[in-house]
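Colleague: Below is one structure. I have some questions about it.
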Amino acid sequence: RDPVLDAAPGMLPPAPRRAPATLRRKRGLYGDAIYVKSVIFGVASDRRNLAVRRKTMVELRQRRKQALVELARAGVAAEVCSDSHQGRLVSLEEERSKLAGVVAATDSELQAAARKRAEELEDCDKRIKGVQERLAAHANELVPVDRELAKARRKAADLRGQVEALDKQIVAQEQSLVSAKSPAGGAAQVEVGVAALRADRDVLVAEEPALADELERLEPSRAKLVTASEQSKAELEQLETERLTIAARNDEIAAALEARRTVESRRLAEVDRERDALLLEVGGDLFELRPTGIDQRLAVVDRLDEELAGQSQAVLELEERLSAI
């Protein structure tokens, strides 16, 4: 017996077994040769035919199940099925509609959450880009200021070194004036030399105010740029932290919605299976009872049963013939 065929509600029983089929065979050597050829080509052909017919039977069984479901739906619409089945189907359809609504609403919430996440991250990315551009501008502005400031500081340091060197020379020359060993003419030369050193010192000292003014101008500008850069760095760190927070929060929301959708979808699938099984059962009962008002649907199942019976008989004959070779 065919277990799949027998399991379907209202299915016709398979045809009774016939005598084993065999390939025709003639007597003599020529008959043996012809028989071998028939076996070789006939077996291959029968196996292909058997595979096709088995596939056809699987398709017919599936179509018959669908036809029984449609028969049940027609019976519900015509109110010819039992009250218990009618009530159970109505209850399942209501539950299914409710669950489908929840799944659809969850899908909408997921889409809205995804849009909100994208918008918030896009806004945050724009602000981050703005701060990064501001930081780059500060860095570009700081380069020439640092260059000028370093030059002014180096010039001030060189000037201070030259003044200090002159001060040392002046002190040394003045100390030589009080030496008892110095001749009168030599003292005059020393005084001339000290005067020249003082003149050189005065020239160098005269340059210090301009350098001081330049340093006074550059150092506050640099300090202002450094402060602005530090503030921008702090703002950038805050925005990057905010971006991570936005992503994490929206990911948690999406995960919660996905979990709810998974649960509701699983329950919806269970209700669908329960409803389909009940429809199949109702269709089988209606096919057996054959009430009026659904004759067209009953005829569809009858035609499928006839096709299945023919295919089953052909499969049986092919299997017997292959087993007898």
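Lettering and numbering for the structure tokens are positional, with chains as A, B, ... in the shown order, residues counted from 1 in each chain, and ligands counted from 1 in the shown order.
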Please identify all polymer residues within 7 Å of region 191-200 of chain A, counting only C-alpha atoms, omitting same-chain residues fewer than 2 positions from it, and present them as a PDB file with all heavy atoms, in the first residue's frame.
Modeller:
ATOM      1  N   LEU A 166      77.845  91.504  25.223  1.00  0.00           N
ATOM      2  CA  LEU A 166      78.386  92.868  25.280  1.00  0.00           C
ATOM      3  C   LEU A 166      78.522  93.347  26.722  1.00  0.00           C
ATOM      4  O   LEU A 166      79.495  94.040  27.078  1.00  0.00           O
ATOM      5  CB  LEU A 166      77.490  93.821  24.482  1.00  0.00           C
ATOM      6  CG  LEU A 166      77.548  93.678  22.950  1.00  0.00           C
ATOM      7  CD1 LEU A 166      76.489  94.555  22.308  1.00  0.00           C
ATOM      8  CD2 LEU A 166      78.932  94.038  22.428  1.00  0.00           C
ATOM      9  N   ILE A 170      81.892  94.779  28.381  1.00  0.00           N
ATOM     10  CA  ILE A 170      81.942  96.108  28.999  1.00  0.00           C
ATOM     11  C   ILE A 170      82.474  95.996  30.426  1.00  0.00           C
ATOM     12  O   ILE A 170      83.331  96.779  30.862  1.00  0.00           O
ATOM     13  CB  ILE A 170      80.562  96.768  28.971  1.00  0.00           C
ATOM     14  CG1 ILE A 170      80.183  97.139  27.536  1.00  0.00           C
ATOM     15  CG2 ILE A 170      80.532  98.004  29.866  1.00  0.00           C
ATOM     16  CD1 ILE A 170      78.752  97.576  27.375  1.00  0.00           C
ATOM     17  N   GLN A 173      86.186  95.390  30.306  1.00  0.00           N
ATOM     18  CA  GLN A 173      86.927  96.581  29.937  1.00  0.00           C
ATOM     19  C   GLN A 173      86.957  97.578  31.082  1.00  0.00           C
ATOM     20  O   GLN A 173      87.997  98.219  31.347  1.00  0.00           O
ATOM     21  CB  GLN A 173      86.289  97.227  28.684  1.00  0.00           C
ATOM     22  CG  GLN A 173      86.419  96.416  27.408  1.00  0.00           C
ATOM     23  CD  GLN A 173      87.848  96.354  26.925  1.00  0.00           C
ATOM     24  OE1 GLN A 173      88.687  97.261  27.167  1.00  0.00           O
ATOM     25  NE2 GLN A 173      88.168  95.252  26.261  1.00  0.00           N
ATOM     26  N   ALA A 187      94.491 103.534  29.015  1.00  0.00           N
ATOM     27  CA  ALA A 187      93.198 103.798  29.647  1.00  0.00           C
ATOM     28  C   ALA A 187      92.263 104.509  28.695  1.00  0.00           C
ATOM     29  O   ALA A 187      91.054 104.239  28.631  1.00  0.00           O
ATOM     30  CB  ALA A 187      93.391 104.614  30.915  1.00  0.00           C
ATOM     31  N   ALA A 188      92.826 105.428  27.911  1.00  0.00           N
ATOM     32  CA  ALA A 188      91.983 106.165  26.962  1.00  0.00           C
ATOM     33  C   ALA A 188      91.436 105.228  25.899  1.00  0.00           C
ATOM     34  O   ALA A 188      90.263 105.324  25.494  1.00  0.00           O
ATOM     35  CB  ALA A 188      92.792 107.300  26.320  1.00  0.00           C
ATOM     36  N   GLN A 189      92.281 104.344  25.435  1.00  0.00           N
ATOM     37  CA  GLN A 189      91.826 103.383  24.427  1.00  0.00           C
ATOM     38  C   GLN A 189      90.735 102.478  24.977  1.00  0.00           C
ATOM     39  O   GLN A 189      89.762 102.133  24.271  1.00  0.00           O
ATOM     40  CB  GLN A 189      93.016 102.544  23.943  1.00  0.00           C
ATOM     41  CG  GLN A 189      94.015 103.339  23.117  1.00  0.00           C
ATOM     42  CD  GLN A 189      95.180 102.471  22.672  1.00  0.00           C
ATOM     43  OE1 GLN A 189      95.270 101.316  23.047  1.00  0.00           O
ATOM     44  NE2 GLN A 189      96.084 103.056  21.868  1.00  0.00           N
ATOM     45  N   ASP A 202      73.386  99.549  22.949  1.00  0.00           N
ATOM     46  CA  ASP A 202      72.178 100.380  22.853  1.00  0.00           C
ATOM     47  C   ASP A 202      71.406 100.084  21.565  1.00  0.00           C
ATOM     48  O   ASP A 202      70.166 100.088  21.550  1.00  0.00           O
ATOM     49  CB  ASP A 202      72.580 101.869  22.901  1.00  0.00           C
ATOM     50  CG  ASP A 202      73.087 102.280  24.278  1.00  0.00           C
ATOM     51  OD1 ASP A 202      72.774 101.548  25.251  1.00  0.00           O
ATOM     52  OD2 ASP A 202      73.780 103.310  24.375  1.00  0.00           O
ATOM     53  N   VAL A 203      72.153  99.804  20.491  1.00  0.00           N
ATOM     54  CA  VAL A 203      71.474  99.466  19.223  1.00  0.00           C
ATOM     55  C   VAL A 203      70.678  98.171  19.361  1.00  0.00           C
ATOM     56  O   VAL A 203      69.535  98.051  18.900  1.00  0.00           O
ATOM     57  CB  VAL A 203      72.516  99.349  18.091  1.00  0.00           C
ATOM     58  CG1 VAL A 203      71.859  98.806  16.826  1.00  0.00           C
ATOM     59  CG2 VAL A 203      73.143 100.703  17.801  1.00  0.00           C
ATOM     60  N   LEU A 204      71.281  97.187  20.029  1.00  0.00           N
ATOM     61  CA  LEU A 204      70.599  95.910  20.207  1.00  0.00           C
ATOM     62  C   LEU A 204      69.398  96.032  21.133  1.00  0.00           C
ATOM     63  O   LEU A 204      68.332  95.460  20.888  1.00  0.00           O
ATOM     64  CB  LEU A 204      71.580  94.867  20.751  1.00  0.00           C
ATOM     65  CG  LEU A 204      72.713  94.457  19.799  1.00  0.00           C
ATOM     66  CD1 LEU A 204      73.679  93.525  20.521  1.00  0.00           C
ATOM     67  CD2 LEU A 204      72.162  93.779  18.556  1.00  0.00           C
TER      68      LEU A 204
END
Colleague: List the neighbours of Asp107 (chain A) out to 12 Å using only C-alpha atoms; skip same-chain residues closer than 3 positions along the sequence, and give me the result as a CSV table (one decimal) with all heavy atoms, in the first residue's frame.
Modeller:
chain,number,residue,atom,x,y,z
A,100,ALA,N,-1.3,38.4,12.4
A,100,ALA,CA,-0.8,39.0,11.1
A,100,ALA,C,-0.8,40.5,11.3
A,100,ALA,O,0.2,41.2,10.8
A,100,ALA,CB,-1.7,38.6,9.9
A,101,GLY,N,-1.8,41.1,12.0
A,101,GLY,CA,-1.7,42.5,12.3
A,101,GLY,C,-0.6,42.9,13.2
A,101,GLY,O,0.1,43.9,12.9
A,102,VAL,N,-0.3,42.1,14.2
A,102,VAL,CA,0.8,42.4,15.1
A,102,VAL,C,2.2,42.3,14.3
A,102,VAL,O,3.0,43.2,14.5
A,102,VAL,CB,0.9,41.4,16.3
A,102,VAL,CG1,2.1,41.6,17.1
A,102,VAL,CG2,-0.4,41.6,17.1
A,103,VAL,N,2.3,41.3,13.4
A,103,VAL,CA,3.5,41.1,12.6
A,103,VAL,C,3.7,42.3,11.7
A,103,VAL,O,4.8,42.9,11.6
A,103,VAL,CB,3.5,39.8,11.8
A,103,VAL,CG1,4.7,39.8,10.9
A,103,VAL,CG2,3.6,38.6,12.8
A,104,ALA,N,2.6,42.8,11.1
A,104,ALA,CA,2.7,43.9,10.1
A,104,ALA,C,3.0,45.2,10.9
A,104,ALA,O,3.8,46.0,10.4
A,104,ALA,CB,1.3,44.1,9.4
A,110,LEU,N,9.8,48.4,12.9
A,110,LEU,CA,11.2,48.1,12.5
A,110,LEU,C,11.6,49.1,11.4
A,110,LEU,O,12.8,49.6,11.5
A,110,LEU,CB,11.3,46.7,12.0
A,110,LEU,CG,11.5,45.6,13.1
A,110,LEU,CD1,11.3,44.2,12.5
A,110,LEU,CD2,12.8,45.8,13.8
A,111,GLN,N,10.8,49.3,10.4
A,111,GLN,CA,11.2,50.3,9.4
A,111,GLN,C,11.3,51.7,9.9
A,111,GLN,O,12.3,52.4,9.5
A,111,GLN,CB,10.1,50.2,8.3
A,111,GLN,CG,10.0,48.9,7.5
A,111,GLN,CD,8.9,48.8,6.5
A,111,GLN,OE1,8.1,49.8,6.4
A,111,GLN,NE2,8.7,47.7,5.9
A,112,ALA,N,10.4,52.1,10.8
A,112,ALA,CA,10.5,53.4,11.4
A,112,ALA,C,11.7,53.6,12.3
A,112,ALA,O,12.4,54.6,12.2
A,112,ALA,CB,9.2,53.7,12.3
A,113,ALA,N,12.1,52.5,13.0
A,113,ALA,CA,13.3,52.5,13.8
A,113,ALA,C,14.5,52.6,13.0
A,113,ALA,O,15.5,53.3,13.3
A,113,ALA,CB,13.3,51.3,14.7
A,114,ALA,N,14.5,51.9,11.9
A,114,ALA,CA,15.7,52.0,11.0
A,114,ALA,C,15.8,53.3,10.3
A,114,ALA,O,16.9,53.9,10.2
A,114,ALA,CB,15.5,50.9,9.8
A,254,ALA,N,15.8,47.8,17.9
A,254,ALA,CA,15.6,46.9,16.7
A,254,ALA,C,15.7,45.4,17.2
A,254,ALA,O,14.9,44.6,16.7
A,254,ALA,CB,16.7,47.2,15.7
A,257,LEU,N,12.4,44.6,18.8
A,257,LEU,CA,11.3,44.4,17.8
A,257,LEU,C,11.5,43.2,17.0
A,257,LEU,O,10.5,42.5,16.7
A,257,LEU,CB,11.3,45.7,16.9
A,257,LEU,CG,10.9,47.0,17.5
A,257,LEU,CD1,11.1,48.1,16.5
A,257,LEU,CD2,9.4,46.9,17.9
A,258,GLU,N,12.7,42.8,16.7
A,258,GLU,CA,13.0,41.6,15.9
A,258,GLU,C,12.6,40.4,16.8
A,258,GLU,O,12.0,39.4,16.2
A,258,GLU,CB,14.5,41.5,15.6
A,258,GLU,CG,14.9,42.4,14.5
A,258,GLU,CD,14.4,42.0,13.1
A,258,GLU,OE1,13.8,40.9,13.0
A,258,GLU,OE2,14.7,42.7,12.1
A,259,ALA,N,12.9,40.4,18.1
A,259,ALA,CA,12.5,39.3,18.9
A,259,ALA,C,11.0,39.2,19.0
A,259,ALA,O,10.4,38.0,18.9
A,259,ALA,CB,13.0,39.5,20.3
A,260,ARG,N,10.3,40.3,19.1
A,260,ARG,CA,8.8,40.2,19.2
A,260,ARG,C,8.2,39.7,17.8
A,260,ARG,O,7.3,38.9,17.8
A,260,ARG,CB,8.2,41.6,19.4
A,260,ARG,CG,6.7,41.6,19.7
A,260,ARG,CD,6.2,43.0,20.1
A,260,ARG,NE,6.2,43.9,18.9
A,260,ARG,CZ,5.9,45.2,19.0
A,260,ARG,NH1,5.6,45.7,20.2
A,260,ARG,NH2,5.9,46.0,18.0
A,261,ARG,N,8.8,40.2,16.7
A,261,ARG,CA,8.4,39.7,15.4
A,261,ARG,C,8.6,38.2,15.3
A,261,ARG,O,7.8,37.5,14.7
A,261,ARG,CB,9.1,40.5,14.3
A,261,ARG,CG,8.5,40.2,13.0
A,261,ARG,CD,9.4,40.8,11.9
A,261,ARG,NE,8.7,40.7,10.6
A,261,ARG,CZ,8.6,39.6,9.9
A,261,ARG,NH1,9.2,38.5,10.3
A,261,ARG,NH2,8.0,39.5,8.7
A,262,THR,N,9.8,37.7,15.7
A,262,THR,CA,10.1,36.3,15.6
A,262,THR,C,9.0,35.5,16.4
A,262,THR,O,8.5,34.5,15.9
A,262,THR,CB,11.5,36.0,16.2
A,262,THR,OG1,12.4,36.8,15.4
A,262,THR,CG2,11.8,34.5,16.1
A,264,GLU,N,5.9,36.4,17.3
A,264,GLU,CA,4.6,36.5,16.7
A,264,GLU,C,4.6,35.7,15.3
A,264,GLU,O,3.5,35.1,15.0
A,264,GLU,CB,4.2,37.9,16.5
A,264,GLU,CG,4.1,38.7,17.8
A,264,GLU,CD,3.1,38.2,18.7
A,264,GLU,OE1,2.1,37.5,18.3
A,264,GLU,OE2,3.2,38.4,20.0
A,265,SER,N,5.7,35.8,14.6
A,265,SER,CA,5.7,35.1,13.3
A,265,SER,C,5.6,33.6,13.5
A,265,SER,O,5.0,32.8,12.7
A,265,SER,CB,7.0,35.5,12.5
A,265,SER,OG,6.9,36.8,12.2
Colleague: Region 216-227 of chain A: which residues within 7 Å, counting only C-alpha atoms, same-chain residues fewer than 3 positions away excluded, as a list in words?
Modeller: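 Once the adjacent positions are removed, what remains is His138, Leu142, Val145, Leu149, Ala212, Asp213, Glu230 and Gln231 of chain A.
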Colleague: Extract, using only C-alpha atoms, all DNA, RNA and protein residues at most 8 Å from Arg275 (chain A), discarding same-chain residues fewer than 2 positions from it, and format them as number ranges by chain.
Modeller: A: 89, 92-93, 271-273, 277-279
Colleague: Find the spatial neighbours of Ala118 (chain A), counting only C-alpha atoms, within a cut-off of 12 Å - ignore same-chain residues fewer than 3 positions away - and output them as a PyMOL selection string.
Modeller: chain A and resi 111-115+121-125+243+246-247+250-251
Colleague: Could you tell me which of A:Ala324, A:Leu135, A:Val301, A:Val190 comes closest to Gln62 (chain A) if we count only C-alpha atoms?
Modeller: A:Val301
Colleague: In terms of the shortest atom-to-atom distance over only C-alpha atoms, which of A:Ser45, A:Thr292, A:Gln66, A:Thr106 is closest to Arg321 (chain A)?
Modeller: A:Ser45
Colleague: Have a look at CA of Val76 (chain A) and CA of Asp295 (chain A) and let me know their distance in Å, one decimal.
Modeller: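 Value for the CA of Val76 (chain A)-CA of Asp295 (chain A) distance: 13.9 Å.
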Colleague: So which residues touch Leu280 (chain A) within 7 Å, counting only C-alpha atoms, skipping near sequence neighbours fewer than 5 positions away, as a list in words?
Modeller: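 So the residues in contact are Lys65, Leu68 and Val69 of chain A.
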Colleague: Return the single residue from A:Ala72, A:Gly310, A:Ala137, A:Arg48 that is closest to Ser229 (chain A), with distances computed using only C-alpha atoms.
Modeller: A:Ala137
Colleague: Measuring between only C-alpha atoms, which one of A:Gln132, A:Arg64, A:Ala255, A:Ala269 shows the shortest distance to Glu109 (chain A)?
Modeller: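 Closest candidate: A:Ala255.
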Colleague: With only C-alpha atoms as the atoms that count, which of A:Lys116, A:Lys233, A:Arg303, A:His85 lies nearest to Arg63 (chain A)?
Modeller: A:Arg303
Colleague: From the options A:Leu236, A:Leu298, A:Ile253, A:Leu286, which residue's atoms come nearest to Arg134 (chain A), counting only C-alpha atoms?
Modeller: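 Ranked by minimum distance to Arg134 (chain A), first place goes to A:Leu236.
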Colleague: Taking 5 positions as the minimum chain separation for residues in the same chain, which residues sit within 9 Å of Leu304 (chain A) when counting only C-alpha atoms? Answer as a short mmCIF file (atom, residue, chain, number, x, y, z; two decimals) with N, CA, C and O atoms, in the first residue's frame.
Modeller:
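Writing the result to around-v4.cif gives the following:
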data_model
loop_
_atom_site.label_atom_id
_atom_site.label_comp_id
_atom_site.auth_asym_id
_atom_site.auth_seq_id
_atom_site.Cartn_x
_atom_site.Cartn_y
_atom_site.Cartn_z
N LEU A 60 0.36 15.41 -8.08
CA LEU A 60 -1.10 15.20 -8.01
C LEU A 60 -1.58 15.17 -6.56
O LEU A 60 -2.65 15.69 -6.24
N ARG A 61 -0.81 14.52 -5.69
CA ARG A 61 -1.20 14.49 -4.26
C ARG A 61 -1.23 15.91 -3.68
O ARG A 61 -2.13 16.25 -2.91
N ARG A 63 -1.68 18.67 -5.37
CA ARG A 63 -2.85 19.35 -5.95
C ARG A 63 -4.14 18.88 -5.30
O ARG A 63 -5.07 19.67 -5.09
N ARG A 64 -4.22 17.59 -4.95
CA ARG A 64 -5.42 17.06 -4.30
C ARG A 64 -5.60 17.67 -2.91
O ARG A 64 -6.71 18.00 -2.49
N ALA A 67 -6.86 21.00 -3.41
CA ALA A 67 -8.26 20.93 -3.83
C ALA A 67 -9.17 20.65 -2.63
O ALA A 67 -10.29 21.19 -2.54
N ALA A 299 -16.10 17.75 -7.91
CA ALA A 299 -15.71 17.20 -9.20
C ALA A 299 -14.20 17.35 -9.42
O ALA A 299 -13.57 16.48 -10.03
N ALA A 309 -5.34 7.39 -9.53
CA ALA A 309 -5.54 5.95 -9.66
C ALA A 309 -4.85 5.42 -10.92
O ALA A 309 -4.21 4.36 -10.90
#
